[in-house]
Structures are given as structure tokens and as C-alpha cells.
Amino acid sequence: MPTVHTKPFDDQQPGTSGLRKRVIRFQEPHYLENFVQAIFSSLPGREGETLVLGGDGRFHNDVAVQTILKMAAANGFGHVIVGQDGILSTPAVSHLIRLRETFGGIILSASHNPGGPEGDFGIKFNGTNGGPAPEAVADAFFAASRAITSYEIADAEDVDLSQTGTSKIGRMVVEVVDPVADYAALMEELFDFGAIRALFNGGFRFTFDAMHAVTGSYAKEIFERRLGAPKGTVINGTPKPDFGGGHPDPNPVHAHVIYKAAMKVDGPDLAAASDGDGDRNLIVGRQCPVTPSDSLAVIAANAHLVPGYEEGLIGVARSMPTSAALDRVAEAKGFAAYETPTGWKYFGNLLDAGWISLCGEESAGTGSDHVREKDGLWAVLMWLNILAVRKESVAAIMAHHFATYGRNYYARHDYEGIDAEGATNLMEALRKKLPTLAGQETPAGTIQVADEFAYFDPIDETTSEGQGLRILFGDSSRIVYRLSGTGTVGATLRVYIERYVGTDDDLEMNVSDALTHLVDLSKTLASIERHTGRNTPDVIA
Ligand code: G1P
Ligand code: ZN
């Protein structure tokens with residue numbers, strides 16, 4: 001098997017979710033190969049093992065899949081299960097790893113980042129539990145990438161991935177599978193498809209935006225074929241390498257067609273969307289957008305209505321910046337609640353140990369122990385199943401939820417594409433100021449605690465430091481600052497703002513009105529304008 005000599009690149013440190021760079025970076029000679037070799041070299045015991053491989057179909061997916069197949073063969077793998085045309089959604093990869101009990105899998109995606117030749121590309125390794133490699137393993141990939149001198153790649157023809165079936169590269173078996181079938185079967189096990197079918201038959205109006213990304217084929221199969229939703233329920237359902245020129249981020253801005261439709265008096269009962277690789281979700285009821293943090297809490301409160309969760313939840317977890325709405329449900333229902341750093345990889349140990357059955361993030365990621373990734377279609381099916389059982393509108397369910405648990409008013413302000421040095425300086429200056437803040441009176445209340453979040457993983461007993469700067473107030477309000485770990489250009493500052501009001505308080509305020517004082521304070525406390533030259537965020541999520 002040919003060995004190719006190479007030199008290290010210095011920028012192959014995985015971020016919040018694998019290695020993400022511009023497509024043009026990945027197209028540089030040896031760039032992808034180096035990182036793939038760094039992954040393989042860091043994994044002892046790979047000889048003869050099985051790997052799952054697939055991606056969201058974005059530009060460069062086809063080229064990268066062929067390269068990785070040849071490298072897997074040269075690195076001693078015995079079998080690779082690859083999605084037809086190289087396509088698999090992120091949750092489908094996670095499921096296949098678990099179902100077929102493989103050594104692990106490689107996912108090609110830059111999630112909701114734009115695609116096409118000018119867009120982004122990414123690669124991520126998931127381990128045998130189906131989940132993203134933990135921080136220590138990702139660090140090992142980076143270390144290997146810094147020391148690399150050569151990589152192994154089979155001298156073979158490209159494999160025909162257009163048909164399901166098996167072929168070989170050298171001694172390694174390449175098995176091309178239908179990307180949708182096993183995933184759809186799992187969804188049938190978890191949800192009451194009969195009840196959801198009856199909901200659609202009863203005239204419930206649903207629209208799903210696949211954003212020209214990977215969920216198109218999954219959504220058509222599940223919603224239109226298996227659940228009998230009318231044809232045309234799934235829009236933008238044909239996956240494209242550049243996502244039709246769009247930005248496959250399921251938020252009100254990029255999924256504006258379904259969002260606007262749902263905000264009308266006569267809009268659909270439920271509008272939903274998923275992102276590039278199918279792990280994120282957007283939920284909008286008629287005239288009732290649901291924030292991801294609230295959606296997570298509502299799902300937790302109602303999970304027992306869904307067959308796969310009818311025995312009740314064991315425990316739940318959320319990433320630290322996600323609103324504490326979930327904690328209110330856990331407290332009332334008597335299950336444990338954990339707070340982890342940003343990124344799905346931190347949920348893996350808790351899920352594997354059986355300490356939690358549901359988890360999520362404010363960034364439109366919700367999931368459970370059925371796989372080890374967040375899962376966009378699963379979240380939509382959760383809502384459909386709950387709606388089918390409760391026979392109430394989304395708005396009625398939300399009003400009832402707030403009246404029971406109180407409301408966590410919440411917003412995330414993103415300052416995108418700012419100068420990396422300014423961003424680092426801002427965080428550094430605020431970090432220095434933290435010890436002086438506790439006890440300070442502000443128009444938003446008295447600051448009770450100001451610290452930097454670190455996470456002690458109770459399962460593997462590792463500690464992850466530097467996971468966000470927190471300003472906590474006595475009334476459970478808070479401001480959190482962190483820098484994004486998924487961007488490919490400059491830096492993005494994320495400021496998370498939250499205020500809790502109890503059931504006897506005003507539950508129907510306008511969100512920005514409810515948060516005014518905290519928002520103003522978030523700007524002055526961190527001197528955002530001075531460090532970034534910006535006074536207003538680019539995106540309010
Ligand atoms: C973002 C989200 C985070 C999510 C990650 C991967 O990371 O904030 O919750 O896990 O994308 O989808 P960030 O860019 O903030 O590092
Ligand atoms: Zn994603």
C-alpha cells in the first residue's frame with residue numbers, strides 16, 4: 001500500500017464539533033489525508049475493524065468519501081459501511097455505529113454552515129458508542145496531526161457508491177447501504193406512528209423545510225410515505241451540494257418561508273426544519289415560535305406520552321448556556337439534571353452510563369439515548385407525537401407549560417466575524433474582572449456569582465476548563481459569554497442572556513422587553529463595543 005510523505009498543517013485542532021474549515025483549505029493537497037491519518041493513527045486496535053462513513057452531501061463530500069475509503073483500506077480496516085452516494089445524516093451515522101456495533105464512524109459535515117465551493121467542509125470521528133470523540137481523543141488527533149510525516153492510501157479505483165451492495169478495496173469490504181432505512185425503522189420503534197398518522201388524517205397541517213440538505217430524503221420517507229402527510233409537506237426536499245445557495249441553519253432567518261407561514265393566523269399547526277446534516281431542529285407552532293431551550297423543557301415534561309419514553313426519564317442534561325427551563329421540569333418531576341459544557345460530546349458519558357435519557361442545547365439541538373448525537377427529525381417527531389396525544393395547539397401547550405413551571409426568557413446575541421484578537425482581549429479583560437463583580441448592584445439586579453465555568457465529568461473524572469464566563473444574579477437571571485468553536489473565519493462572540501420569572505409573574509412579556517436591562521449590561525460589562533467595534537449583535541437567536 002503506498003505511503004505518501006507529508007508535512008504537518010498547524011491548524012488541525014478539532015473545535016466544538018470536529019475539524020471545520022473552508023472547502024478550499026480541505027482541497028489543498030494532503031490536508032484531508034493528514035487529518036484522516038491523524039485520526040486513524042490515534043486509534044489503536046483498528047486492524048480488521050468496521051467503520052461507518054457518510055456525510056451531509058455538501059460540496060467535496062464525494063471526493064472526501066473516496067479518499068477516506070482508500071485510506072481506511074490502507075490502514076487495515078476490514079469493512080466500511082457507507083451511505084449510498086456517500087450520504088448519511090449525522091444521527092443516522094450514530095445509529096448505524098450502534099446498530100452494527102462498529103468500531104466507530106466518520107461524519108463529513110460542517111453542519112449548518114454554508115456549502116458549495118466557497119463554503120465550509122468538516123470531518124468528525126465518532127466512537128463505538130456512536131458519539132463524538134471526547135475532548136481527550138480530539139486532542140490526540142490534533143497532537144498526531146502536528147507530528148505527521150506520512151499517510152497510507154490504497155492505490156485503487158473509486159468505488160461506485162450509486163448502488164447499494166458490496167465491493168472491495170484490497171481486502172477491505174465496502175458495503176453501500178440505503179441511508180434512510182435503518183434510521184426510519186428506529187423512529188418507528190420510538191414513536192406512535194399510528195397516532196401521528198391519525199393526526200394528519202384529522203386535518204392537522206404540518207410543513208417541514210429540509211433546506212436542500214440531508215434530511216430531504218429522510219423527511220419524505222418518514223413524514224410523507226410512512227406517516228401519510230400530504231405530498232408537498234416537505235419543502236426544499238432535494239439535497240444539493242450547495243444547499244441551493246442557502247444557509248442550512250434552521251432558524252427564523254434562514255428558514256423564513258415556513259417561519260413566516262406559521263406566524264400567520266391561518267398558518268400551519270406546526271412548521272419545522274432541520275440543518276445541513278440533520279441534527280438540529282426548528283419548531284414553530286401557529287403564531288407560536290418555540291425557543292430550543294423551551295422545546296427541550298416541553299419535550300422533557302411530556303416525554304412519558306411517547307412510547308419510547310413511557311417509563312419516564314431517568315435524568316436530563318443541558319449545555320451550560322442553555323436556559324434552565326429544563327431544570328424546572330426536572331425539579332418538579334423528580335429526575336436528575338446535569339449541566340455540561342457546550343458541545344454534544346459532553347453528553348456521551350452520561351448517556352452511556354444510563355444517568356440521563358434526554359439532553360439538549362440552546363443551539364437547536366435536542367436528543368435522547370436513542371443515538372449519541374442530537375437529532376433533528378427525532379425532535380420533530382417528539383412534538384408530533386406529543387401533539388397527537390394532547391390534541392392541543394402548540395400555543396396552548398406552551399401557555400400551560402409556563403403556567404406550570406414559570407418562564408425562562410432567553411436570547412443569544414451573536415457578534416459574528418469579529419477580529420480574533422479583539423475577541424480574545426474581550427474575554428481576557430472580562431476574566432480578570434470577574435473577582436470584582438460579585439456583590440455589585442446593577443440595573444439588572446445584584447450580581448451574586450461571577451466565574452468561569454469548568455466541568456467535572458462524574459463518569460470519567462476528567463475536568464474541562466474554560467467553558468464560558470458566567471455572571472449570575474440572585475433571581476436566577478444570568479449572562480454568559482463564550483467564543484464559538486465552530487467558525488471558520490475570524491471569531492464569533494456568543495452572549496447568552498436569561499431571566500426567570502415565576503408562575504405568578506408576567507409570563508407573556510415581549511422577550512426583548514423582558515431582557516432589556518440584562519442586554520444593556522451584557523454590553524457594558526464586557527466593553528463589547530471597545531473590543532469589537534460593534535454595539536449590536538449580527539444575529540439574535
Ligand atoms: C455551536 C453551538 C453548540 C453546538 C455546536 C455544534 O458551537 O453553540 O451548542 O454543539 O455548534 O453543533 P459553537 O459555535 O458555539 O462553539
Ligand atoms: Zn448540524
# chains A, B, ... in the order shown; residues from 1 in each chain; ligands from 1

call {"tool": "select_by_dssp", "arguments": {"residues": "range 298-498 of chain A", "states": "strand (DSSP E)", "output": "ChimeraX atom specification"}}
result
/A:315-319,336-340,358-361,365-368,407-418,441-442,445-452,455-456,463-464,469-473,478-483,491-498

call {"tool": "residues_near_ligand", "arguments": {"ligand": "ligand 1", "cutoff": "9 Å", "atoms": "only C-alpha atoms and all ligand atoms", "output": "number ranges by chain"}}
result
A: 15-18, 110-112, 279-280, 319, 321-322, 341-345, 360-365, 374, 482-487, 492-494

call {"tool": "write_last_selection", "arguments": {"atoms": "C-alpha atoms", "output": "PDB file, in the first residue's frame"}}
result
ATOM      1  CA  GLY A  15     -13.346  22.588  17.636  1.00  0.00           C
ATOM      2  CA  THR A  16     -16.739  22.222  19.309  1.00  0.00           C
ATOM      3  CA  SER A  17     -17.684  19.632  16.697  1.00  0.00           C
ATOM      4  CA  GLY A  18     -14.753  18.164  14.759  1.00  0.00           C
ATOM      5  CA  ALA A 110     -19.957  21.428   8.561  1.00  0.00           C
ATOM      6  CA  SER A 111     -23.466  21.240   9.993  1.00  0.00           C
ATOM      7  CA  HIS A 112     -25.430  24.429   9.334  1.00  0.00           C
ATOM      8  CA  ASP A 279     -29.045  17.075  13.800  1.00  0.00           C
ATOM      9  CA  ARG A 280     -30.631  20.468  14.554  1.00  0.00           C
ATOM     10  CA  SER A 319     -25.275  22.533  27.996  1.00  0.00           C
ATOM     11  CA  PRO A 321     -25.559  28.244  28.204  1.00  0.00           C
ATOM     12  CA  THR A 322     -28.919  26.530  27.535  1.00  0.00           C
ATOM     13  CA  PRO A 341     -20.115  22.390  28.550  1.00  0.00           C
ATOM     14  CA  THR A 342     -21.221  23.362  25.043  1.00  0.00           C
ATOM     15  CA  GLY A 343     -20.966  20.528  22.515  1.00  0.00           C
ATOM     16  CA  TRP A 344     -22.669  17.151  22.194  1.00  0.00           C
ATOM     17  CA  LYS A 345     -19.544  15.224  23.110  1.00  0.00           C
ATOM     18  CA  GLY A 360     -30.135  19.307  24.564  1.00  0.00           C
ATOM     19  CA  GLU A 361     -28.603  22.644  23.763  1.00  0.00           C
ATOM     20  CA  GLU A 362     -29.917  26.145  23.156  1.00  0.00           C
ATOM     21  CA  SER A 363     -28.412  25.963  19.665  1.00  0.00           C
ATOM     22  CA  ALA A 364     -31.352  23.955  18.301  1.00  0.00           C
ATOM     23  CA  GLY A 365     -30.019  20.566  19.308  1.00  0.00           C
ATOM     24  CA  LYS A 374     -28.594  15.445  18.543  1.00  0.00           C
ATOM     25  CA  ARG A 482     -18.116  32.402  25.215  1.00  0.00           C
ATOM     26  CA  LEU A 483     -16.316  32.303  21.892  1.00  0.00           C
ATOM     27  CA  SER A 484     -17.638  29.974  19.212  1.00  0.00           C
ATOM     28  CA  GLY A 485     -15.604  26.889  18.436  1.00  0.00           C
ATOM     29  CA  THR A 486     -17.192  26.090  15.073  1.00  0.00           C
ATOM     30  CA  GLY A 487     -16.472  29.160  12.949  1.00  0.00           C
ATOM     31  CA  THR A 492     -17.796  34.839  16.940  1.00  0.00           C
ATOM     32  CA  LEU A 493     -18.705  36.089  20.395  1.00  0.00           C
ATOM     33  CA  ARG A 494     -21.821  34.469  21.823  1.00  0.00           C
TER      34      ARG A 494
END

call {"tool": "atom_distance", "arguments": {"atom1": "CA of Phe193 in chain A", "atom2": "atom 1 (Zn, counted along the ligand's line) of ligand 2"}}
result
25.2 Å

call {"tool": "atom_distance", "arguments": {"atom1": "CA of Glu339 in chain A", "atom2": "CA of Ala317 in chain A"}}
result
5.8 Å

call {"tool": "select_by_dssp", "arguments": {"residues": "range 268-319 of chain A", "states": "alpha helix (DSSP H)", "output": "PyMOL selection string"}}
result
chain A and resi 292-302

call {"tool": "residues_around", "arguments": {"residues": "range 353-358 of chain A", "least_positions_apart": "4", "cutoff": "8 Å", "atoms": "only C-alpha atoms", "output": "PyMOL selection string"}}
result
chain A and resi 300+313-317+336+349+366-369+459

call {"tool": "residues_around", "arguments": {"residues": "Thr503 in chain A", "least_positions_apart": "5", "cutoff": "10 Å", "atoms": "only C-alpha atoms", "output": "ChimeraX atom specification"}}
result
/A:401-407

call {"tool": "write_last_selection", "arguments": {"atoms": "all heavy atoms", "output": "compact mmCIF listing (two decimals), in the first residue's frame"}}
result
# COMPACT_ATOMS: atom_id res chain seq x y z
N HIS A 401 -47.35 25.11 29.87
CA HIS A 401 -46.00 24.83 30.39
C HIS A 401 -45.50 25.99 31.26
O HIS A 401 -45.03 25.78 32.38
CB HIS A 401 -45.03 24.58 29.23
CG HIS A 401 -43.69 24.12 29.67
ND1 HIS A 401 -43.37 22.78 29.81
CD2 HIS A 401 -42.57 24.79 30.06
CE1 HIS A 401 -42.13 22.66 30.25
NE2 HIS A 401 -41.62 23.86 30.39
N PHE A 402 -45.63 27.20 30.74
CA PHE A 402 -45.16 28.37 31.51
C PHE A 402 -45.97 28.52 32.80
O PHE A 402 -45.43 28.87 33.85
CB PHE A 402 -45.26 29.65 30.67
CG PHE A 402 -44.35 29.66 29.46
CD1 PHE A 402 -44.74 30.30 28.28
CD2 PHE A 402 -43.11 29.04 29.49
CE1 PHE A 402 -43.90 30.32 27.16
CE2 PHE A 402 -42.27 29.04 28.38
CZ PHE A 402 -42.66 29.68 27.22
N ALA A 403 -47.26 28.27 32.71
CA ALA A 403 -48.11 28.42 33.91
C ALA A 403 -47.75 27.37 34.96
O ALA A 403 -48.00 27.57 36.15
CB ALA A 403 -49.58 28.28 33.50
N THR A 404 -47.17 26.27 34.54
CA THR A 404 -46.80 25.21 35.48
C THR A 404 -45.41 25.42 36.07
O THR A 404 -45.17 25.21 37.26
CB THR A 404 -46.83 23.83 34.77
OG1 THR A 404 -48.08 23.72 34.08
CG2 THR A 404 -46.69 22.69 35.76
N TYR A 405 -44.47 25.80 35.19
CA TYR A 405 -43.06 25.82 35.62
C TYR A 405 -42.44 27.22 35.69
O TYR A 405 -41.29 27.37 36.09
CB TYR A 405 -42.21 24.99 34.64
CG TYR A 405 -42.67 23.56 34.52
CD1 TYR A 405 -43.44 23.15 33.43
CD2 TYR A 405 -42.35 22.61 35.50
CE1 TYR A 405 -43.87 21.83 33.31
CE2 TYR A 405 -42.77 21.30 35.39
CZ TYR A 405 -43.53 20.91 34.30
OH TYR A 405 -43.95 19.61 34.18
N GLY A 406 -43.18 28.26 35.28
CA GLY A 406 -42.58 29.58 35.15
C GLY A 406 -41.90 29.67 33.79
O GLY A 406 -41.90 28.72 33.01
N ARG A 407 -41.35 30.85 33.50
CA ARG A 407 -40.78 31.03 32.16
C ARG A 407 -39.35 31.56 32.21
O ARG A 407 -39.06 32.50 32.94
CB ARG A 407 -41.68 32.00 31.37
CG ARG A 407 -41.16 32.24 29.98
CD ARG A 407 -42.20 32.91 29.10
NE ARG A 407 -41.65 33.10 27.76
CZ ARG A 407 -42.28 33.73 26.77
NH1 ARG A 407 -43.48 34.23 26.98
NH2 ARG A 407 -41.70 33.85 25.59

call {"tool": "atom_distance", "arguments": {"atom1": "CA of His517 in chain A", "atom2": "CA of Gln440 in chain A"}}
result
14.6 Å

call {"tool": "residues_around", "arguments": {"residues": "His79 in chain A", "least_positions_apart": "3", "cutoff": "10 Å", "atoms": "only C-alpha atoms", "output": "list of chain:residue names"}}
result
A:Gly48, A:Glu49, A:Thr50, A:Leu51, A:Val52, A:Leu69, A:Ala72, A:Ala73, A:Gly76, A:Val82, A:Thr102, A:Thr166, A:Lys168, A:Ile169, A:Arg171, A:Met172, A:Val173, A:Val174, A:Glu175

call {"tool": "closest_residue", "arguments": {"among": "A:Glu189, A:Asp249, A:Asp160, A:Glu498", "to": "ligand 2", "atoms": "only C-alpha atoms and all ligand atoms"}}
result
A:Asp249

call {"tool": "residues_around", "arguments": {"residues": "Met398 in chain A", "least_positions_apart": "2", "cutoff": "10 Å", "atoms": "only C-alpha atoms", "output": "number ranges by chain"}}
result
A: 285, 288-290, 294-295, 298, 393-396, 400-404, 407

call {"tool": "write_last_selection", "arguments": {"atoms": "N, CA, C and O atoms", "output": "compact mmCIF listing (two decimals), in the first residue's frame"}}
result
# COMPACT_ATOMS: atom_id res chain seq x y z
N GLY A 285 -44.94 26.70 16.27
CA GLY A 285 -46.38 26.43 16.23
C GLY A 285 -47.08 27.58 15.53
O GLY A 285 -46.43 28.59 15.18
N CYS A 288 -46.65 30.85 17.16
CA CYS A 288 -46.01 30.49 18.43
C CYS A 288 -44.63 29.86 18.21
O CYS A 288 -44.49 28.64 18.23
N PRO A 289 -43.60 30.71 18.00
CA PRO A 289 -42.26 30.14 17.89
C PRO A 289 -41.83 29.56 19.24
O PRO A 289 -42.16 30.10 20.28
N VAL A 290 -41.13 28.46 19.21
CA VAL A 290 -40.69 27.82 20.45
C VAL A 290 -39.16 27.87 20.48
O VAL A 290 -38.51 27.39 19.55
N ASP A 294 -36.82 26.07 25.42
CA ASP A 294 -38.19 25.75 25.86
C ASP A 294 -38.65 24.43 25.26
O ASP A 294 -39.34 23.64 25.91
N SER A 295 -38.28 24.20 23.99
CA SER A 295 -38.67 22.95 23.34
C SER A 295 -38.11 21.76 24.13
O SER A 295 -38.82 20.77 24.38
N VAL A 298 -40.22 21.32 27.24
CA VAL A 298 -41.56 20.77 26.95
C VAL A 298 -41.45 19.29 26.61
O VAL A 298 -42.26 18.47 27.06
N SER A 393 -53.14 22.83 20.72
CA SER A 393 -52.22 23.55 19.82
C SER A 393 -50.86 23.73 20.51
O SER A 393 -50.75 23.60 21.74
N VAL A 394 -49.85 24.07 19.72
CA VAL A 394 -48.53 24.35 20.29
C VAL A 394 -48.65 25.51 21.29
O VAL A 394 -48.09 25.47 22.40
N ALA A 395 -49.42 26.54 20.90
CA ALA A 395 -49.56 27.72 21.77
C ALA A 395 -50.19 27.33 23.11
O ALA A 395 -49.76 27.81 24.18
N ALA A 396 -51.18 26.45 23.08
CA ALA A 396 -51.82 26.03 24.34
C ALA A 396 -50.84 25.23 25.20
O ALA A 396 -50.79 25.40 26.42
N HIS A 400 -49.55 26.46 28.92
CA HIS A 400 -49.71 25.55 30.05
C HIS A 400 -48.36 25.26 30.71
O HIS A 400 -48.23 25.23 31.94
N HIS A 401 -47.35 25.11 29.87
CA HIS A 401 -46.00 24.83 30.39
C HIS A 401 -45.50 25.99 31.26
O HIS A 401 -45.03 25.78 32.38
N PHE A 402 -45.63 27.20 30.74
CA PHE A 402 -45.16 28.37 31.51
C PHE A 402 -45.97 28.52 32.80
O PHE A 402 -45.43 28.87 33.85
N ALA A 403 -47.26 28.27 32.71
CA ALA A 403 -48.11 28.42 33.91
C ALA A 403 -47.75 27.37 34.96
O ALA A 403 -48.00 27.57 36.15
N THR A 404 -47.17 26.27 34.54
CA THR A 404 -46.80 25.21 35.48
C THR A 404 -45.41 25.42 36.07
O THR A 404 -45.17 25.21 37.26
N ARG A 407 -41.35 30.85 33.50
CA ARG A 407 -40.78 31.03 32.16
C ARG A 407 -39.35 31.56 32.21
O ARG A 407 -39.06 32.50 32.94

call {"tool": "residues_around", "arguments": {"residues": "Gly105 in chain A", "least_positions_apart": "3", "cutoff": "7 Å", "atoms": "only C-alpha atoms", "output": "list in words"}}
result
Leu51, Val52, Leu53, Val93, Ile97, Phe125, Asn126 and Gly127 of chain A
